[in-house]
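Notes follow the structure.
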Amino acid sequence: MLLFVQFLINGILVGGIYALIALSIVLIYKSTRVFNFAIGEMMAIGAFILYTFLATVKFSLWIALPMTVISTLIIGFFIERLALRPLIGQPILIAIMATIALSLIFKGIVFFAWGSPIICYPERILPGEATMVGKLFLSNELICTFLITISVFISMSLFFRFIKTGLFMRATAEGHDLAQASGINVERIFAVSWAIAAMIAAFGGIMLGIRFGIGIGTLPLVAIKAFPAVLFGGLESVLGAVIGGLIVGILESFVGGYIDPKFSEITPYIILLLILLFRPEGLFGLKRIERI
Amino acid sequence: MFRPCGLFDETYAKNIAIVRTRQHWILIIIGLFIFLTFPLYLSGRILHFINLLGITLIAVQGLNILTGFTGQISLGQSAFVCVGAYTSALLTVHLNFSFFLALPCAAIITAVIGTIFGAPAMRIKGFYLAMATLAAQFLIPWMVTNVRTDLTGGSQAMHVPAPSIGGFVFNDQQSIFYIIIPITCLSIFLIRNLTRSRVGLAFLAIRDNDLAAETMGINLTKYKLLAFFICSFYAGVAGSLWAHWMRAISPDQFNLMESVWYLGMIIVGGMGSVIGVVYGVLFIKVFDISIILIGPRLTSFLPPQLAQDTAAGLAPFTFGMIILVFLIFEPRGLAHRWEIIKGYFRLWPFKY
């Protein structure tokens, strides 16, 4: 029973990371209808930027973190402006290939700037040690990730409900033409979505970096495991992304614990195939009705 | 297809001919003759590269049927090449099949497995299908690594015998050239003819608008699965050739990156163009090899560790840039650009 609870809690905490990545993907998909395959590399870039500010420039964490946020916002903005905007209105394959191309470019940039080895942050960034609740082991960085995921989720919900730009984004998600007709600058909304998503991705990258070390070889592979989470929840749903991330994390943890650790690597992909076979639109996604 | 004015077809046979004029015939025969004598005077390294081109070309032609013609995105072509390679290897190593029997068997088994992974295509399309094939890309190499490792050797390299017929063994680049290249030529010819048939036109209709295609009486399920079947059949052929050409295969030769390269080749060459795929494969492979050759020299002025990392980053960076530039400025690829250039010189110095 104790083992069961431990696996469940581990799953929820790891699922928090997936949920964070899924939130970033959903944010972009919701407003621009582009699925971001470059998410893994964007995470790595964010994590590496924080590393540079901490280790090379030697800022304190409280200066380095806002600087990282600002840099990733700018990067996200430029991604949209330079790569995605010329491709608005193109078929879906073009958008997918564009984000894959972006991921390759970022991979090259990481190799140029930071090299291939896996590096760790210079000091313990997160306060405190791992928490023991009774006999349950709660790893510190996972709790932090989980809290960040929850706060990102809450602030995104509030943002979509009360802030003007958030409302514009929801309107854009409903239909680009209609949104434009009612006076929304759709292109600016796209840019804002990419900027915020790049920031969330950077948070995910930093959290994974604290846990596993930052390396261009490992981070993108974790990001791909968040894809089933996105599909599970439904592509357009913020709540779905969080729930999907948690469920994928929990299932992975149970499979790894009870069946075979090796098997847990591919659990997310099996979940992915099952979702696609039985409920492609996900839990909270919208079924699209198509007209010619 | 562009055709200069004043050029008319007088018979039906002429209308459907692939090679249209006598000059073309003469050029093709001379070209093929020169091409087939390559092994007599080219060095092993260049032949190695040409053989690699041939195998890649088969895999990418298959992917082009699925992605370029039918409009279904596949991120898993390299995994299906993996299935073909391992099926062929297992058949020859453990069941003592001859290569010439293992090749069609591997192709058909791969085609069946590819169709199974394509089965979600009956309900989903576009981006969701990219996800299903992405899952295949991770599941298949994982299975090779972890299931029945006594047969496949797991993550270790599996050794494959060279093809042999009678007492003759095709164990160097010169001799295996005569296996790979005829199969490549035949596969391109078959694809070219397929795309002009009813099946090929149905694929195009599905790509352009699947709902409209269905209302016009095209059985979507049948043709989508057929596209998957053909695509993975070609992947199986390419995989079998790869196994018996490399002679040592391991699951990490067939990673996600390889699938992305295949898609990139289609984008660069021109989606939905048979000859475009040839340009694309040639362009990307020549580019790749020159980066590998030139990269270390370009970065040799840097300190060693930095130089190594920069050289490693050069390939993904430039490849990503090429895809992005082609997507933004020439989404119809090299094939279209080549037609424009030809059209320009046909009337030069006049504008039209």
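We name chains A, B, ... following the order of the structure tokens; residues begin at 1 in each chain, and ligands are numbered from 1 as shown.
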Taking only C-alpha atoms into account, what are the residues of chain A at most 8 Å from chain B, put as a ChimeraX atom specification?
/A:35,83,86-87,92-94,96-98,100-112,115-116,266,269-270,272-273,276-277,280,291-292
Include C-alpha atoms and write out the residues we just selected as a short mmCIF file (atom, residue, chain, number, x, y, z; two decimals), in the first residue's frame.
data_model
loop_
_atom_site.label_atom_id
_atom_site.label_comp_id
_atom_site.auth_asym_id
_atom_site.auth_seq_id
_atom_site.Cartn_x
_atom_site.Cartn_y
_atom_site.Cartn_z
CA PHE A 35 1.76 22.10 -32.95
CA ALA A 83 9.77 31.58 -39.01
CA PRO A 86 5.53 33.85 -43.38
CA LEU A 87 3.81 30.44 -43.22
CA ILE A 92 -0.52 21.56 -41.81
CA LEU A 93 2.54 19.66 -43.05
CA ILE A 94 4.30 22.94 -43.72
CA ILE A 96 4.87 20.85 -38.69
CA MET A 97 8.01 20.87 -40.80
CA ALA A 98 8.69 24.49 -39.86
CA ILE A 100 10.85 20.60 -36.76
CA ALA A 101 13.27 22.78 -38.73
CA LEU A 102 13.26 25.23 -35.82
CA SER A 103 14.12 22.43 -33.44
CA LEU A 104 17.11 21.50 -35.61
CA ILE A 105 18.27 25.11 -35.76
CA PHE A 106 18.05 25.43 -31.98
CA LYS A 107 19.92 22.17 -31.57
CA GLY A 108 22.70 23.59 -33.73
CA ILE A 109 22.73 26.83 -31.75
CA VAL A 110 22.99 24.92 -28.46
CA PHE A 111 25.93 22.97 -29.87
CA PHE A 112 27.59 26.22 -30.96
CA GLY A 115 28.47 22.26 -26.46
CA SER A 116 27.29 18.71 -26.15
CA ILE A 266 7.46 3.53 -24.12
CA TYR A 269 3.68 6.19 -26.79
CA ILE A 270 1.38 3.23 -26.20
CA LEU A 272 -0.67 7.88 -27.48
CA LEU A 273 -1.61 5.13 -29.91
CA LEU A 276 -5.54 8.05 -31.32
CA LEU A 277 -7.41 4.82 -31.94
CA PRO A 280 -8.55 11.21 -31.14
CA ARG A 291 -17.29 21.46 -44.50
CA ILE A 292 -16.06 21.58 -48.01
#
Extract, using only C-alpha atoms, all DNA, RNA and protein residues at most 9 Å from range 58-71 of chain A, discarding same-chain residues fewer than 3 positions from it, and format them as a PDB file with N, CA, C and O atoms, in the first residue's frame.
ATOM      1  N   GLY A  46      16.096  27.666 -22.855  1.00  0.00           N
ATOM      2  CA  GLY A  46      15.762  28.400 -21.632  1.00  0.00           C
ATOM      3  C   GLY A  46      16.652  27.967 -20.488  1.00  0.00           C
ATOM      4  O   GLY A  46      17.213  28.808 -19.757  1.00  0.00           O
ATOM      5  N   ALA A  47      16.812  26.648 -20.329  1.00  0.00           N
ATOM      6  CA  ALA A  47      17.624  26.146 -19.232  1.00  0.00           C
ATOM      7  C   ALA A  47      19.074  26.600 -19.377  1.00  0.00           C
ATOM      8  O   ALA A  47      19.713  27.005 -18.401  1.00  0.00           O
ATOM      9  N   ILE A  49      20.134  29.270 -20.941  1.00  0.00           N
ATOM     10  CA  ILE A  49      20.275  30.713 -20.717  1.00  0.00           C
ATOM     11  C   ILE A  49      20.397  30.992 -19.224  1.00  0.00           C
ATOM     12  O   ILE A  49      21.260  31.761 -18.787  1.00  0.00           O
ATOM     13  N   LEU A  50      19.550  30.311 -18.424  1.00  0.00           N
ATOM     14  CA  LEU A  50      19.646  30.502 -16.976  1.00  0.00           C
ATOM     15  C   LEU A  50      21.027  30.080 -16.490  1.00  0.00           C
ATOM     16  O   LEU A  50      21.639  30.743 -15.653  1.00  0.00           O
ATOM     17  N   TYR A  51      21.533  28.968 -17.053  1.00  0.00           N
ATOM     18  CA  TYR A  51      22.859  28.484 -16.658  1.00  0.00           C
ATOM     19  C   TYR A  51      23.913  29.546 -16.936  1.00  0.00           C
ATOM     20  O   TYR A  51      24.783  29.820 -16.112  1.00  0.00           O
ATOM     21  N   THR A  52      23.808  30.177 -18.135  1.00  0.00           N
ATOM     22  CA  THR A  52      24.797  31.202 -18.481  1.00  0.00           C
ATOM     23  C   THR A  52      24.741  32.367 -17.502  1.00  0.00           C
ATOM     24  O   THR A  52      25.771  32.839 -17.021  1.00  0.00           O
ATOM     25  N   PHE A  53      23.512  32.809 -17.191  1.00  0.00           N
ATOM     26  CA  PHE A  53      23.402  33.926 -16.258  1.00  0.00           C
ATOM     27  C   PHE A  53      23.939  33.556 -14.884  1.00  0.00           C
ATOM     28  O   PHE A  53      24.551  34.370 -14.206  1.00  0.00           O
ATOM     29  N   LEU A  54      23.720  32.321 -14.460  1.00  0.00           N
ATOM     30  CA  LEU A  54      24.146  31.915 -13.116  1.00  0.00           C
ATOM     31  C   LEU A  54      25.640  31.627 -13.076  1.00  0.00           C
ATOM     32  O   LEU A  54      26.344  32.096 -12.188  1.00  0.00           O
ATOM     33  N   ALA A  55      26.126  30.845 -14.042  1.00  0.00           N
ATOM     34  CA  ALA A  55      27.473  30.310 -13.925  1.00  0.00           C
ATOM     35  C   ALA A  55      28.519  31.188 -14.607  1.00  0.00           C
ATOM     36  O   ALA A  55      29.601  31.370 -14.080  1.00  0.00           O
ATOM     37  N   ILE A  74      11.624  37.204 -25.585  1.00  0.00           N
ATOM     38  CA  ILE A  74      12.112  37.795 -26.833  1.00  0.00           C
ATOM     39  C   ILE A  74      12.336  36.703 -27.881  1.00  0.00           C
ATOM     40  O   ILE A  74      11.956  36.845 -29.048  1.00  0.00           O
ATOM     41  N   ILE A  75      12.930  35.569 -27.438  1.00  0.00           N
ATOM     42  CA  ILE A  75      13.173  34.479 -28.386  1.00  0.00           C
ATOM     43  C   ILE A  75      11.855  33.998 -28.992  1.00  0.00           C
ATOM     44  O   ILE A  75      11.731  33.835 -30.209  1.00  0.00           O
ATOM     45  N   GLY A  76      10.851  33.792 -28.125  1.00  0.00           N
ATOM     46  CA  GLY A  76       9.554  33.333 -28.616  1.00  0.00           C
ATOM     47  C   GLY A  76       8.970  34.295 -29.622  1.00  0.00           C
ATOM     48  O   GLY A  76       8.448  33.891 -30.669  1.00  0.00           O
ATOM     49  N   ILE A 125      19.817  25.362  -6.555  1.00  0.00           N
ATOM     50  CA  ILE A 125      18.955  26.514  -6.804  1.00  0.00           C
ATOM     51  C   ILE A 125      17.761  26.488  -5.879  1.00  0.00           C
ATOM     52  O   ILE A 125      17.365  27.497  -5.307  1.00  0.00           O
ATOM     53  N   ALA A 198       7.112  30.200 -24.985  1.00  0.00           N
ATOM     54  CA  ALA A 198       8.561  30.006 -24.848  1.00  0.00           C
ATOM     55  C   ALA A 198       8.971  30.171 -23.393  1.00  0.00           C
ATOM     56  O   ALA A 198       9.842  29.445 -22.895  1.00  0.00           O
ATOM     57  N   MET A 199       8.306  31.116 -22.684  1.00  0.00           N
ATOM     58  CA  MET A 199       8.642  31.324 -21.278  1.00  0.00           C
ATOM     59  C   MET A 199       8.270  30.093 -20.448  1.00  0.00           C
ATOM     60  O   MET A 199       9.059  29.607 -19.632  1.00  0.00           O
ATOM     61  N   ILE A 200       7.044  29.559 -20.682  1.00  0.00           N
ATOM     62  CA  ILE A 200       6.623  28.375 -19.920  1.00  0.00           C
ATOM     63  C   ILE A 200       7.553  27.208 -20.219  1.00  0.00           C
ATOM     64  O   ILE A 200       7.965  26.467 -19.315  1.00  0.00           O
ATOM     65  N   ALA A 202      10.618  27.383 -21.015  1.00  0.00           N
ATOM     66  CA  ALA A 202      11.882  27.597 -20.312  1.00  0.00           C
ATOM     67  C   ALA A 202      11.763  27.145 -18.858  1.00  0.00           C
ATOM     68  O   ALA A 202      12.681  26.518 -18.322  1.00  0.00           O
ATOM     69  N   PHE A 203      10.618  27.433 -18.206  1.00  0.00           N
ATOM     70  CA  PHE A 203      10.416  26.952 -16.829  1.00  0.00           C
ATOM     71  C   PHE A 203      10.537  25.429 -16.790  1.00  0.00           C
ATOM     72  O   PHE A 203      11.214  24.867 -15.929  1.00  0.00           O
TER      73      PHE A 203
END
Take CA of Gly285 in chain A and CA of Ile88 in chain A and report the distance between them in Å, one decimal.
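Between CA of Gly285 in chain A and CA of Ile88 in chain A the gap is 22.8 Å.
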Kindly assemble as a tab-separated table a list of the range 27-141 of chain A residues that lie within 10 Å of range 223-237 of chain A, each paired with its nearest atom pair and their distance in Å to one decimal, using only C-alpha atoms, sorted first by chain and then by ascending residue number.
residue	atom	partner	partner_atom	distance
A:Leu27	CA	A:Glu236	CA	8.0
A:Ile28	CA	A:Glu236	CA	9.4
A:Tyr29	CA	A:Glu236	CA	6.8
A:Lys30	CA	A:Glu236	CA	5.1
A:Ser31	CA	A:Glu236	CA	8.8
A:Arg33	CA	A:Glu236	CA	9.2
A:Phe35	CA	A:Leu235	CA	9.0
A:Asn36	CA	A:Phe227	CA	9.8
A:Phe37	CA	A:Ile224	CA	8.1
A:Ala38	CA	A:Ala223	CA	9.1
A:Ile39	CA	A:Ala223	CA	6.7
A:Gly40	CA	A:Ala223	CA	4.9
A:Glu41	CA	A:Ala223	CA	8.7
A:Met42	CA	A:Ala223	CA	9.9
A:Met43	CA	A:Ala223	CA	8.3
A:Ala44	CA	A:Ala223	CA	9.9
Test item, helix (DSSP H, G or I) assignment across range 64-234 of chain A, answer as a ChimeraX atom specification
/A:64-87,92-114,140-162,164-174,176-181,186-212,219-233
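Minimum atom-to-atom distance to Val274 in chain B, evaluated using only C-alpha atoms, belongs to B:Thr195 out of B:Thr37, B:Ser88, B:Ser78, B:Thr195.
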If we count only C-alpha atoms, what is near Ile289 in chain B at a cut-off of 12 Å, once residues fewer than 3 positions away on the same chain are taken out, given as a PyMOL selection string?
chain B and resi 45-46+48-50+52-53+281-286+292-295+314-315+319
Using DSSP on the backbone coordinates, identify the residues of range 2-212 of chain B assigned to strand (DSSP E or B); present them as a ChimeraX atom specification.
/B:158-159,164-165,168-169
Report, in Å with one decimal, the straight-line distance from CA of Thr99 in chain A to CA of Glu80 in chain A.
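Separation of CA of Thr99 in chain A and CA of Glu80 in chain A: 10.3 Å.
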Can you list, as a ChimeraX atom specification, every protein, DNA or RNA residue that comes within 9 Å of Asp177 in chain A when you count only C-alpha atoms, leaving out same-chain residues fewer than 5 positions away?
/A:172,182,186
Proximity of range 2-56 of chain A to range 141-150 of chain A: per-residue shortest pair, 7 Å limit, only C-alpha atoms, as a Markdown table:
| residue | atom | partner | partner_atom | distance |
| --- | --- | --- | --- | --- |
| A:Leu13 | CA | A:Leu142 | CA | 5.4 |
| A:Val14 | CA | A:Leu142 | CA | 6.6 |
| A:Gly16 | CA | A:Phe146 | CA | 4.8 |
| A:Ile17 | CA | A:Thr145 | CA | 6.3 |
| A:Ala19 | CA | A:Thr149 | CA | 6.8 |
| A:Leu20 | CA | A:Thr149 | CA | 5.3 |
Let's have the selection written as a PDB file, in the first residue's frame, with C-alpha atoms.
ATOM      1  CA  LEU A  13       4.971  14.931  -9.381  1.00  0.00           C
ATOM      2  CA  VAL A  14       6.609  13.745 -12.632  1.00  0.00           C
ATOM      3  CA  GLY A  16       3.640  17.975 -13.233  1.00  0.00           C
ATOM      4  CA  ILE A  17       6.603  18.358 -15.593  1.00  0.00           C
ATOM      5  CA  ALA A  19       1.736  19.094 -17.653  1.00  0.00           C
ATOM      6  CA  LEU A  20       3.958  22.171 -17.755  1.00  0.00           C
TER       7      LEU A  20
END
Computed interatomic separation between CA of Gly209 in chain A and CA of Phe137 in chain A (Å)
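These two atoms are separated by 20.4 Å.
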Restricting the calculation to only C-alpha atoms: of B:Met158, B:Leu201, B:Leu186, B:Ile116, which residue gets closest to Arg247 in chain B?
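Result for the nearest residue to Arg247 in chain B: B:Met158.
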10 Å contact set for Leu91 in chain B, only C-alpha atoms, chain neighbours under 2 positions out, as a VMD selection string
chain B and resid 86 to 89 93 to 99 101 to 103 105 to 106 160
Please provide the set of residues having any atom within 8 Å of range 148-151 of chain B, restricted to only C-alpha atoms, with same-chain residues fewer than 3 positions apart removed, written as a ChimeraX atom specification.
/B:90,94,144-145,154
Those residues you just picked out, can you put them in a file as a compact mmCIF listing (two decimals), in the first residue's frame with N, CA and C atoms?
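Dumped everything to again_30.txt:
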# COMPACT_ATOMS: atom_id res chain seq x y z
N LEU B 90 16.90 -11.19 -40.02
CA LEU B 90 16.47 -12.39 -39.29
C LEU B 90 16.22 -13.54 -40.25
N HIS B 94 18.75 -16.49 -39.43
CA HIS B 94 18.21 -17.59 -38.64
C HIS B 94 17.46 -18.62 -39.48
N VAL B 144 12.93 -3.72 -31.01
CA VAL B 144 14.12 -4.41 -31.51
C VAL B 144 15.16 -4.52 -30.40
N THR B 145 15.27 -3.45 -29.59
CA THR B 145 16.29 -3.46 -28.54
C THR B 145 15.93 -4.40 -27.40
N GLY B 154 19.72 -7.23 -29.58
CA GLY B 154 19.42 -6.06 -28.76
C GLY B 154 20.05 -4.80 -29.33
